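*Asks:* Just data_0.cif, nothing more (mmCIF, C-alpha atoms and all ligand atoms):
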```cif
data_final
#
loop_
_atom_site.label_atom_id
_atom_site.label_comp_id
_atom_site.auth_asym_id
_atom_site.auth_seq_id
_atom_site.Cartn_x
_atom_site.Cartn_y
_atom_site.Cartn_z
CA MET A 102 -8.79 40.45 95.09
CA SER A 103 -12.12 41.83 93.93
CA GLU A 104 -14.63 42.80 96.61
CA PRO A 105 -18.36 42.04 96.60
CA ASP A 106 -19.63 45.44 95.51
CA ASP A 107 -16.81 46.43 93.14
CA LEU A 108 -18.04 48.61 90.29
CA VAL A 109 -15.65 46.96 87.83
CA VAL A 110 -14.66 43.29 87.87
CA ARG A 111 -12.86 40.99 85.49
CA ARG A 112 -14.90 38.51 83.49
CA PRO A 113 -13.68 36.20 80.70
CA GLU A 114 -14.89 38.75 78.13
CA GLY A 115 -13.17 41.71 79.76
CA LEU A 116 -13.67 44.36 82.45
CA TYR A 117 -17.32 44.40 83.50
CA CYS A 118 -19.49 46.80 85.48
CA PRO A 119 -22.09 44.60 87.26
CA PRO A 120 -24.61 47.31 88.23
CA GLY A 121 -24.31 48.96 84.79
CA GLY A 122 -24.44 45.79 82.70
CA PHE A 123 -21.65 46.86 80.31
CA PHE A 124 -18.03 46.04 79.57
CA ILE A 125 -15.10 48.45 79.22
CA ASP A 126 -12.81 47.72 76.23
CA PRO A 127 -13.79 44.02 76.22
CA TRP A 128 -11.49 41.59 74.43
CA ARG A 129 -14.30 39.18 73.49
CA PRO A 130 -17.59 40.08 71.76
CA VAL A 131 -20.27 41.40 74.15
CA GLU A 132 -23.67 43.11 74.00
CA ARG A 133 -22.65 46.52 75.38
CA ALA A 134 -19.13 47.89 75.19
CA VAL A 135 -17.85 51.23 76.45
CA ILE A 136 -14.68 51.97 74.49
CA THR A 137 -11.93 54.21 75.87
CA HIS A 138 -10.11 54.70 72.56
CA ALA A 139 -9.59 53.22 69.12
CA HIS A 140 -6.24 51.41 69.58
CA ALA A 141 -6.65 47.80 68.49
CA ASP A 142 -6.17 46.21 71.91
CA HIS A 143 -8.93 48.38 73.43
CA ALA A 144 -11.42 48.64 70.55
CA ARG A 145 -12.24 45.31 68.95
CA ARG A 146 -14.74 44.16 66.40
CA GLY A 147 -17.85 42.15 67.16
CA HIS A 148 -19.70 43.96 69.94
CA ALA A 149 -23.44 44.51 69.46
CA ALA A 150 -23.40 48.12 70.74
CA TYR A 151 -20.55 50.59 71.31
CA LEU A 152 -20.43 53.72 73.42
CA ALA A 153 -17.47 56.08 72.97
CA THR A 154 -16.70 59.77 72.61
CA ALA A 155 -18.31 61.35 69.55
CA VAL A 156 -14.91 62.73 68.54
CA SER A 157 -13.52 59.19 68.29
CA ALA A 158 -16.26 58.04 65.89
CA GLY A 159 -14.15 58.72 62.79
CA VAL A 160 -11.07 56.82 63.97
CA LEU A 161 -13.19 53.97 65.36
CA ARG A 162 -14.93 53.51 62.03
CA ALA A 163 -11.65 53.88 60.12
CA ARG A 164 -10.35 50.91 62.07
CA LEU A 165 -13.45 48.78 62.79
CA GLY A 166 -15.70 49.49 59.82
CA PRO A 167 -19.42 50.04 60.38
CA ILE A 168 -20.40 49.64 64.05
CA SER A 169 -23.46 50.51 66.11
CA LEU A 170 -22.03 53.48 67.99
CA GLN A 171 -23.49 55.93 70.48
CA GLY A 172 -21.15 58.93 70.57
CA VAL A 173 -21.14 61.19 73.63
CA ALA A 174 -19.43 64.47 74.45
CA TYR A 175 -16.73 64.59 77.10
CA GLY A 176 -18.43 64.96 80.47
CA GLU A 177 -21.90 64.08 79.18
CA ALA A 178 -23.54 61.62 81.58
CA VAL A 179 -25.65 58.72 80.37
CA SER A 180 -27.38 56.17 82.53
CA ALA A 181 -26.71 52.49 82.08
CA GLY A 182 -28.53 50.06 84.34
CA GLY A 183 -28.26 51.66 87.74
CA VAL A 184 -25.14 53.75 87.10
CA ARG A 185 -24.19 57.10 85.64
CA VAL A 186 -21.45 56.83 83.05
CA SER A 187 -19.41 59.69 81.59
CA LEU A 188 -16.22 59.93 79.54
CA HIS A 189 -13.37 62.33 80.36
CA PRO A 190 -10.25 63.27 78.36
CA ALA A 191 -7.26 60.94 78.66
CA GLY A 192 -4.81 62.93 76.49
CA HIS A 193 -3.62 59.76 74.72
CA VAL A 194 -4.99 59.84 71.16
CA LEU A 195 -7.90 61.52 69.37
CA GLY A 196 -11.12 60.84 71.29
CA SER A 197 -9.42 58.90 74.11
CA ALA A 198 -11.32 58.84 77.37
CA GLN A 199 -11.36 57.70 80.95
CA VAL A 200 -14.62 56.08 81.99
CA ARG A 201 -16.25 57.52 85.12
CA ILE A 202 -18.83 55.30 86.80
CA GLU A 203 -21.02 56.59 89.60
CA HIS A 204 -23.26 54.30 91.62
CA ARG A 205 -25.00 55.11 94.91
CA GLY A 206 -22.52 57.82 95.79
CA ARG A 207 -19.41 55.86 94.89
CA VAL A 208 -17.20 56.77 91.93
CA TRP A 209 -14.81 54.55 90.00
CA VAL A 210 -12.71 55.67 87.05
CA ALA A 211 -11.12 53.35 84.47
CA SER A 212 -8.30 55.18 82.73
CA GLY A 213 -7.83 53.29 79.47
CA ASP A 214 -4.46 54.57 78.22
CA TYR A 215 -3.48 58.11 79.16
CA PHE A 216 -0.78 60.70 78.71
CA ALA A 217 -0.23 62.88 81.73
CA SER A 218 3.10 64.64 81.93
CA ALA A 219 5.03 65.94 84.87
CA HIS A 220 6.17 68.82 82.59
CA GLU A 221 3.70 71.67 83.11
CA ASP A 222 3.28 72.65 79.46
CA ASP A 223 3.44 69.19 77.89
CA ARG A 224 0.27 67.98 76.29
CA ASN A 225 -0.59 66.03 73.21
CA PRO A 226 -1.59 68.73 70.69
CA THR A 227 -3.80 66.35 68.72
CA CYS A 228 -6.37 65.63 71.42
CA ALA A 229 -8.01 67.00 74.55
CA PRO A 230 -5.55 67.00 77.48
CA PHE A 231 -5.82 64.52 80.36
CA GLU A 232 -8.20 65.68 83.07
CA PRO A 233 -7.89 64.16 86.53
CA VAL A 234 -11.27 62.93 87.79
CA ARG A 235 -11.85 62.58 91.55
CA CYS A 236 -12.81 59.05 92.46
CA ASP A 237 -12.81 56.41 95.18
CA CYS A 238 -11.10 53.82 93.00
CA PHE A 239 -8.88 54.45 89.98
CA ILE A 240 -8.06 51.73 87.46
CA THR A 241 -4.78 52.81 85.87
CA GLU A 242 -2.61 51.54 83.07
CA SER A 243 1.11 51.11 83.80
CA THR A 244 2.73 50.78 80.35
CA PHE A 245 5.74 52.83 81.48
CA GLY A 246 5.38 52.22 85.21
CA LEU A 247 9.08 51.95 85.99
CA PRO A 248 11.27 54.68 87.50
CA VAL A 249 13.60 54.59 84.45
CA TYR A 250 10.85 56.07 82.28
CA ARG A 251 10.98 59.86 82.57
CA TRP A 252 10.14 61.78 79.45
CA ARG A 253 12.05 64.84 78.44
CA ALA A 254 9.92 67.83 77.47
CA GLN A 255 8.35 67.02 74.10
CA ARG A 256 9.50 70.40 72.76
CA ASP A 257 13.10 69.19 73.16
CA VAL A 258 12.40 65.82 71.55
CA LEU A 259 10.66 67.45 68.59
CA ALA A 260 13.61 69.84 68.19
CA GLU A 261 15.84 66.76 67.86
CA VAL A 262 13.51 65.26 65.26
CA ASN A 263 13.64 68.50 63.28
CA ALA A 264 17.44 68.67 63.53
CA TRP A 265 17.76 65.06 62.32
CA TRP A 266 15.35 65.67 59.43
CA GLY A 267 17.02 68.97 58.50
CA GLY A 268 20.48 67.38 58.54
CA ASN A 269 19.32 64.55 56.29
CA ALA A 270 17.62 66.99 53.93
CA GLU A 271 20.89 68.94 53.64
CA ALA A 272 22.73 65.71 52.92
CA GLY A 273 20.13 64.71 50.31
CA ARG A 274 18.66 61.60 51.94
CA PRO A 275 15.06 60.91 52.98
CA SER A 276 14.24 60.64 56.69
CA LEU A 277 12.20 57.51 57.46
CA LEU A 278 10.47 58.05 60.78
CA LEU A 279 8.79 54.91 62.11
CA ALA A 280 5.82 55.62 64.35
CA TYR A 281 2.56 53.88 65.21
CA SER A 282 0.05 54.80 62.56
CA PHE A 283 -2.72 55.88 64.92
CA GLY A 284 -1.81 58.54 67.44
CA LYS A 285 1.95 58.81 67.33
CA ALA A 286 2.12 59.56 63.61
CA GLN A 287 -0.35 62.44 63.93
CA ARG A 288 1.32 63.82 67.03
CA LEU A 289 4.62 63.94 65.14
CA LEU A 290 3.04 65.54 62.09
CA ALA A 291 1.45 68.20 64.30
CA GLY A 292 4.77 68.88 66.01
CA VAL A 293 7.46 68.86 63.31
CA ASP A 294 8.64 71.89 61.32
CA ALA A 295 6.90 71.32 57.98
CA SER A 296 9.03 74.04 56.32
CA ILE A 297 12.03 71.65 56.21
CA GLY A 298 10.67 69.61 53.32
CA PRO A 299 7.75 67.58 52.01
CA ILE A 300 6.00 65.10 54.29
CA VAL A 301 5.20 61.65 52.94
CA VAL A 302 3.04 59.16 54.83
CA HIS A 303 2.52 55.43 54.40
CA GLY A 304 -0.89 54.20 53.25
CA ALA A 305 -1.65 52.88 56.75
CA VAL A 306 -1.24 56.39 58.20
CA GLU A 307 -3.27 58.50 55.79
CA PRO A 308 -6.78 57.20 56.71
CA LEU A 309 -6.06 58.14 60.31
CA ASN A 310 -4.76 61.56 59.24
CA GLU A 311 -8.04 62.09 57.42
CA ALA A 312 -10.04 61.16 60.50
CA TYR A 313 -8.00 63.63 62.57
CA ARG A 314 -8.46 66.41 60.03
CA ALA A 315 -12.20 65.67 59.87
CA ALA A 316 -12.28 66.08 63.65
CA GLY A 317 -10.68 69.52 63.34
CA VAL A 318 -7.06 68.67 64.21
CA ALA A 319 -4.61 70.76 62.16
CA LEU A 320 -2.01 68.58 60.42
CA PRO A 321 0.39 69.70 57.69
CA PRO A 322 -0.28 68.41 54.17
CA SER A 323 0.95 64.87 53.63
CA ARG A 324 1.65 63.09 50.36
CA ARG A 325 1.86 59.51 49.14
CA LEU A 326 5.20 57.96 48.24
CA ASP A 327 4.01 57.34 44.67
CA GLU A 328 3.75 61.09 44.11
CA LEU A 329 7.43 61.67 44.92
CA ARG A 330 9.12 58.44 43.91
CA GLY A 331 12.12 59.13 41.72
CA ARG A 332 11.83 62.91 42.17
CA PRO A 333 14.49 65.05 43.82
CA GLU A 334 12.10 66.37 46.52
CA LEU A 335 11.98 62.88 48.00
CA ARG A 336 15.52 63.42 49.24
CA ARG A 337 14.32 66.26 51.50
CA ALA A 338 11.24 64.38 52.68
CA LEU A 339 10.16 63.23 56.10
CA VAL A 340 8.54 59.83 55.56
CA VAL A 341 6.24 58.67 58.37
CA ALA A 342 5.40 54.97 58.35
CA PRO A 343 4.36 52.26 60.84
CA PRO A 344 7.19 50.24 62.42
CA GLY A 345 6.17 47.11 60.51
CA VAL A 346 7.53 48.55 57.24
CA ALA A 347 11.14 48.63 58.45
CA ASP A 348 13.15 46.43 56.06
CA SER A 349 10.19 46.09 53.66
CA ALA A 350 10.26 46.60 49.92
CA TRP A 351 8.28 49.78 50.53
CA ALA A 352 11.04 51.19 52.73
CA ARG A 353 13.75 50.09 50.32
CA GLY A 354 11.92 52.11 47.67
CA LEU A 355 13.15 55.22 49.47
CA GLY A 356 16.73 54.49 48.48
CA GLU A 357 19.49 55.53 50.87
CA ALA A 358 17.43 56.82 53.83
CA SER A 359 18.20 57.57 57.45
CA ASP A 360 15.81 55.71 59.76
CA ALA A 361 14.48 56.40 63.23
CA PHE A 362 11.74 55.18 65.57
CA ALA A 363 9.63 57.49 67.74
CA SER A 364 8.34 55.67 70.82
CA GLY A 365 8.58 55.73 74.57
CA TRP A 366 10.48 52.45 74.30
CA MET A 367 13.32 54.39 72.72
CA GLN A 368 14.17 55.94 76.08
CA LEU A 369 16.49 53.01 76.78
CA ARG A 370 19.69 52.89 74.81
CA GLY A 371 19.63 49.08 74.65
CA ALA A 372 16.25 49.10 72.94
CA ARG A 373 17.51 51.60 70.37
CA ARG A 374 20.64 49.58 69.67
CA ARG A 375 18.73 46.32 69.20
CA GLN A 376 16.63 47.85 66.45
CA GLY A 377 19.69 48.74 64.40
CA LEU A 378 18.19 52.12 63.57
CA ASP A 379 20.08 55.35 63.09
CA ARG A 380 18.07 57.17 65.75
CA GLY A 381 15.45 56.66 68.45
CA PHE A 382 13.25 59.47 69.73
CA ALA A 383 11.61 58.89 73.11
CA LEU A 384 8.20 60.41 72.52
CA SER A 385 5.28 58.64 74.12
CA ASP A 386 1.51 58.91 74.30
CA HIS A 387 1.56 57.25 77.72
CA ALA A 388 2.35 58.74 81.10
CA ASP A 389 5.90 58.21 82.34
CA TRP A 390 6.71 57.24 85.95
CA PRO A 391 6.31 60.76 87.40
CA GLY A 392 3.26 61.33 85.18
CA LEU A 393 1.57 58.18 86.52
CA GLN A 394 2.31 59.18 90.10
CA ARG A 395 0.98 62.65 89.58
CA ALA A 396 -2.15 61.55 87.71
CA ILE A 397 -3.01 58.92 90.31
CA GLY A 398 -2.47 61.41 93.13
CA ALA A 399 -4.75 63.95 91.46
CA THR A 400 -7.69 61.52 91.49
CA GLY A 401 -7.67 61.41 95.29
CA ALA A 402 -8.43 57.68 95.04
CA ARG A 403 -7.75 55.58 98.14
CA ARG A 404 -7.80 52.39 96.10
CA VAL A 405 -5.90 51.85 92.84
CA ILE A 406 -6.13 48.88 90.49
CA VAL A 407 -3.15 48.60 88.14
CA THR A 408 -3.44 47.03 84.69
CA HIS A 409 -1.27 46.37 81.64
CA GLY A 410 2.37 47.26 82.07
CA TYR A 411 4.68 47.11 85.05
CA GLU A 412 1.94 46.36 87.57
CA ALA A 413 4.12 44.95 90.35
CA THR A 414 6.43 47.96 90.54
CA LEU A 415 3.61 50.47 90.55
CA VAL A 416 1.54 48.48 93.07
CA ARG A 417 4.52 48.33 95.42
CA TRP A 418 5.06 52.08 95.18
CA LEU A 419 1.35 52.82 95.73
CA ARG A 420 1.28 50.65 98.86
CA GLN A 421 4.29 52.52 100.16
CA GLN A 422 2.15 55.67 99.85
CA GLY A 423 -0.45 54.04 102.10
CA LEU A 424 -2.95 53.33 99.33
CA GLN A 425 -4.87 50.13 98.78
CA ALA A 426 -3.39 48.83 95.53
CA GLU A 427 -3.64 45.63 93.52
CA SER A 428 -2.91 44.47 90.02
CA LEU A 429 -5.44 43.10 87.56
CA GLN A 430 -4.54 40.98 84.53
CA THR A 431 -6.09 42.19 81.30
CA GLU A 432 -5.54 41.45 77.63
CA PHE A 433 -4.67 45.07 76.83
CA GLY A 434 -1.30 45.63 75.26
CA ALA A 435 -1.06 41.92 74.47
CA GLY A 436 -0.64 40.13 71.21
CA PRO A 437 0.00 41.56 67.80
CA VAL A 438 -1.64 44.94 67.63
CA ASP A 439 -4.06 44.85 64.74
CA ALA A 440 -2.06 42.32 62.78
CA ALA A 441 -4.93 41.77 60.39
CA ALA A 442 -4.83 45.35 59.23
CA GLY A 443 -1.06 45.32 59.02
CA TYR A 444 -0.79 48.23 61.42
CA ASP A 445 1.57 48.65 64.27
CA VAL A 446 3.19 45.25 64.12
CA GLY A 447 6.85 44.46 63.99
CA LEU A 448 9.70 46.07 65.86
CA ALA A 449 9.27 43.97 68.97
CA VAL A 450 10.96 46.00 71.64
CA PRO A 451 11.93 43.96 74.68
CA GLY A 452 11.50 45.55 78.06
CA PRO A 453 14.51 46.84 79.97
CA GLU A 454 16.79 44.03 81.04
CA GLY A 455 17.01 43.58 84.78
CA ALA A 456 14.50 46.30 85.55
CA ALA A 457 13.26 45.82 89.10
CA GLY A 458 10.07 43.82 89.21
CA ALA A 459 9.61 44.12 85.48
CA ALA A 460 7.21 41.70 83.91
CA GLY A 461 9.27 40.00 81.21
CA ALA A 462 8.17 41.52 77.95
CA ALA A 463 11.03 40.09 75.92
CA GLY A 464 9.99 39.20 72.45
CA ALA A 465 6.44 40.45 72.85
CA VAL A 466 5.03 42.96 70.47
CA GLN A 467 4.60 46.10 72.49
CA PRO A 468 1.47 48.20 72.49
CA ALA A 469 1.46 51.42 70.56
CA ALA A 470 3.52 53.63 72.78
ZN ZN A 501 -3.74 53.15 73.44
ZN ZN A 502 -3.57 50.21 76.50
#
```
Translate the structure described by the file into structure tokens.
Ligand SMILES: [Zn+2]
Ligand SMILES: [Zn+2]
*Replies:*
Amino acid sequence: MSEPDDLVVRRPEGLYCPPGGFFIDPWRPVERAVITHAHADHARRGHAAYLATAVSAGVLRARLGPISLQGVAYGEAVSAGGVRVSLHPAGHVLGSAQVRIEHRGRVWVASGDYFASAHEDDRNPTCAPFEPVRCDCFITESTFGLPVYRWRAQRDVLAEVNAWWGGNAEAGRPSLLLAYSFGKAQRLLAGVDASIGPIVVHGAVEPLNEAYRAAGVALPPSRRLDELRGRPELRRALVVAPPGVADSAWARGLGEASDAFASGWMQLRGARRRQGLDRGFALSDHADWPGLQRAIGATGARRVIVTHGYEATLVRWLRQQGLQAESLQTEFGAGPVDAAAGYDVGLAVPGPEGAAGAAGAAGAVQPAA
């Protein structure tokens, strides 16, 4: 599968660049790690040296504690071994980047996770938008790499969130909106109509909000549940909390609340029904099927390596387009996401039943999506 002079290969520790002597988002401790973004399956503890975007420093430290980090600007090239390395916006979460590697005239790009929409005006307002980077080989994620995943315009989804929240506020019940604490929560906060009522966030969300605000991202004021508990304003509140708190004592402390989950997984009615939630809002920080196709096409790459998600389906489609395509097993998107910190666990959302070529994801904890 890999070829002798590949610029990125798989090693037991993770994806490795042989001429550069560094790993990309390694899953075991290494000397030199280039980190695409601060989600727990991509940014892990224990590496001797980290390189990431300067704008992600706050969220990385909020999640990993003190680390030896070299922060670079988007597009700033550094040399590592015999290669030039630069980071380019991925549009996924604050500071997220694609890694561009240039060696003796050849260019490879490893995407990390990215949000690229087929809707012209859709972008994640909390981070720099995805920028296609021309390359010979593109390593792409495929979290939502099935034709059933087609996002509606986020403006329309956010209008539904506002209507649900407004209706609950009128009826005098809190709106519990479950969302991954890093990325999705901030994107929702930036997009909702804060004039409807107060916004309360779970303790797992607020440190990330602070890191976003420190990086210059405008978010509406958010309060802690303790400040509003037992007060009438709570009944007009939007309460944003990680999915793991569903059915917890914390959530029961809200009293009679309407609950909803905001995630790309909510696109499928079956997934919504299995959660037993009042509502599901399909809002994702990953590219949908048309977004993946468009982003891959814009790189001009003749070779594509597909990682974490629905690899087989995307590889088959890419080959039909005449591209050289293969899948590569990684440990991204696997296992409980940051279980130790209590973030982003719970609400296991099985993949679509009977989806063509779908890797069985039943029962697995899904990556932040
Ligand atoms: Zn991610
Ligand atoms: Zn990922």
*Asks:* Calculate how many Å separate atom CA of Thr408 of chain A from atom CA of Ser243 of chain A, rounding to one decimal.
*Replies:* 6.2 Å
*Asks:* Do you have, as a tab-separated table, the list of residues of chain A lying at most 12 Å from ligand ZN 502 (chain A), each with its nearest atom pair and that distance in Å to one decimal, counting only C-alpha atoms and all ligand atoms and ordered by chain then number?
*Replies:*
```
residue	atom	partner	partner_atom	distance
A:Ile125	CA	A:ZN502	ZN	12.0
A:Asp126	CA	A:ZN502	ZN	9.6
A:Pro127	CA	A:ZN502	ZN	12.0
A:Trp128	CA	A:ZN502	ZN	11.9
A:Ile136	CA	A:ZN502	ZN	11.4
A:Thr137	CA	A:ZN502	ZN	9.3
A:His138	CA	A:ZN502	ZN	8.9
A:Ala139	CA	A:ZN502	ZN	10.0
A:His140	CA	A:ZN502	ZN	7.5
A:Ala141	CA	A:ZN502	ZN	8.9
A:Asp142	CA	A:ZN502	ZN	6.6
A:His143	CA	A:ZN502	ZN	6.4
A:Ala144	CA	A:ZN502	ZN	10.0
A:Ala191	CA	A:ZN502	ZN	11.6
A:His193	CA	A:ZN502	ZN	9.7
A:Val194	CA	A:ZN502	ZN	11.1
A:Ser197	CA	A:ZN502	ZN	10.7
A:Ala198	CA	A:ZN502	ZN	11.6
A:Gln199	CA	A:ZN502	ZN	11.7
A:Ala211	CA	A:ZN502	ZN	11.4
A:Ser212	CA	A:ZN502	ZN	9.3
A:Gly213	CA	A:ZN502	ZN	6.0
A:Asp214	CA	A:ZN502	ZN	4.8
A:Tyr215	CA	A:ZN502	ZN	8.3
A:Phe216	CA	A:ZN502	ZN	11.1
A:Ile240	CA	A:ZN502	ZN	11.9
A:Thr241	CA	A:ZN502	ZN	9.8
A:Glu242	CA	A:ZN502	ZN	6.8
A:Ser243	CA	A:ZN502	ZN	8.7
A:Thr244	CA	A:ZN502	ZN	7.4
A:Phe245	CA	A:ZN502	ZN	10.9
A:Asp386	CA	A:ZN502	ZN	10.3
A:His387	CA	A:ZN502	ZN	8.8
A:Ala388	CA	A:ZN502	ZN	11.4
A:Val407	CA	A:ZN502	ZN	11.8
A:Thr408	CA	A:ZN502	ZN	8.8
A:His409	CA	A:ZN502	ZN	6.8
A:Gly410	CA	A:ZN502	ZN	8.7
A:Thr431	CA	A:ZN502	ZN	9.7
A:Glu432	CA	A:ZN502	ZN	9.0
A:Phe433	CA	A:ZN502	ZN	5.3
A:Gly434	CA	A:ZN502	ZN	5.3
A:Ala435	CA	A:ZN502	ZN	8.9
A:Gly436	CA	A:ZN502	ZN	11.8
A:Val438	CA	A:ZN502	ZN	10.5
A:Gln467	CA	A:ZN502	ZN	10.0
A:Pro468	CA	A:ZN502	ZN	6.7
A:Ala469	CA	A:ZN502	ZN	7.9
A:Ala470	CA	A:ZN502	ZN	8.7
```
*Asks:* Quick one: distance from atom CA of Tyr313 of chain A to atom CA of Tyr175 of chain A in Å, one decimal?
*Replies:* 17.0 Å
*Asks:* So which one's closest to Cys238 of chain A, A:Val208, A:Ile202, A:Ala319, A:Ala217? Using all atoms listed in the file, please.
*Replies:*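 Of the candidates, the smallest distance to Cys238 of chain A is held by A:Val208.
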*Asks:* Restricting the calculation to only C-alpha atoms and all ligand atoms, which member of A:Pro343, A:Gly284, A:Pro226, A:Gly206 is positioned closest to ligand ZN 501 (chain A)?
*Replies:* A:Gly284
*Asks:* Using all atoms listed in the file, can you tell me which of A:Glu177, A:Glu357, A:Glu307, A:Asp107 comes closest to Arg337 of chain A?
*Replies:* A:Glu357
*Asks:* Just the number, please: distance in Å from atom CA of Leu355 of chain A to atom CA of Arg330 of chain A, one decimal.
*Replies:*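 These two atoms are separated by 7.6 Å.
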*Asks:* Between A:Gly115, A:Gly192, A:Gly356, A:Gly166, which has the minimum distance to ligand ZN 501 (chain A) (counting all atoms listed in the file)?
*Replies:* A:Gly192
*Asks:* Measuring between all atoms listed in the file, which one of A:Leu277, A:His303, A:Asp294, A:Ser385 shows the shortest distance to ligand ZN 501 (chain A)?
*Replies:* A:Ser385
*Asks:* Taking (5.5, 73.5, 59.1) in the file's own coordinates, collect the residues within 12 Å, counting all atoms listed in the file, and hand them back as an MDAnalysis selection string.
*Replies:* chainID A and resid 263 289:300 319:323 339
*Asks:* Mind listing whatever residues come within 10 Å of the point (-9.5, 60.2, 94.1)? Use only C-alpha atoms, file coordinates, and give them as a PyMOL selection string.
*Replies:* chain A and resi 208-210+233-239+396-405
*Asks:* Nearest residue to ligand ZN 501 (chain A) out of A:Phe283, A:Pro105, A:Val156, A:Ala272, using only C-alpha atoms and all ligand atoms?
*Replies:*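 Using only C-alpha atoms and all ligand atoms, ligand ZN 501 (chain A) sits closest to A:Phe283.
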*Asks:* The centre and edge lengths of an axis-aligned box containing all atoms of segment 190-202 of chain A present in the file, extended by 3 Å on each side, are to be given in Å to one decimal, as JSON.
*Replies:*
```
{"center_x": -11.2, "center_y": 59.3, "center_z": 78.1, "size_x": 21.2, "size_y": 14.0, "size_z": 23.4}
```
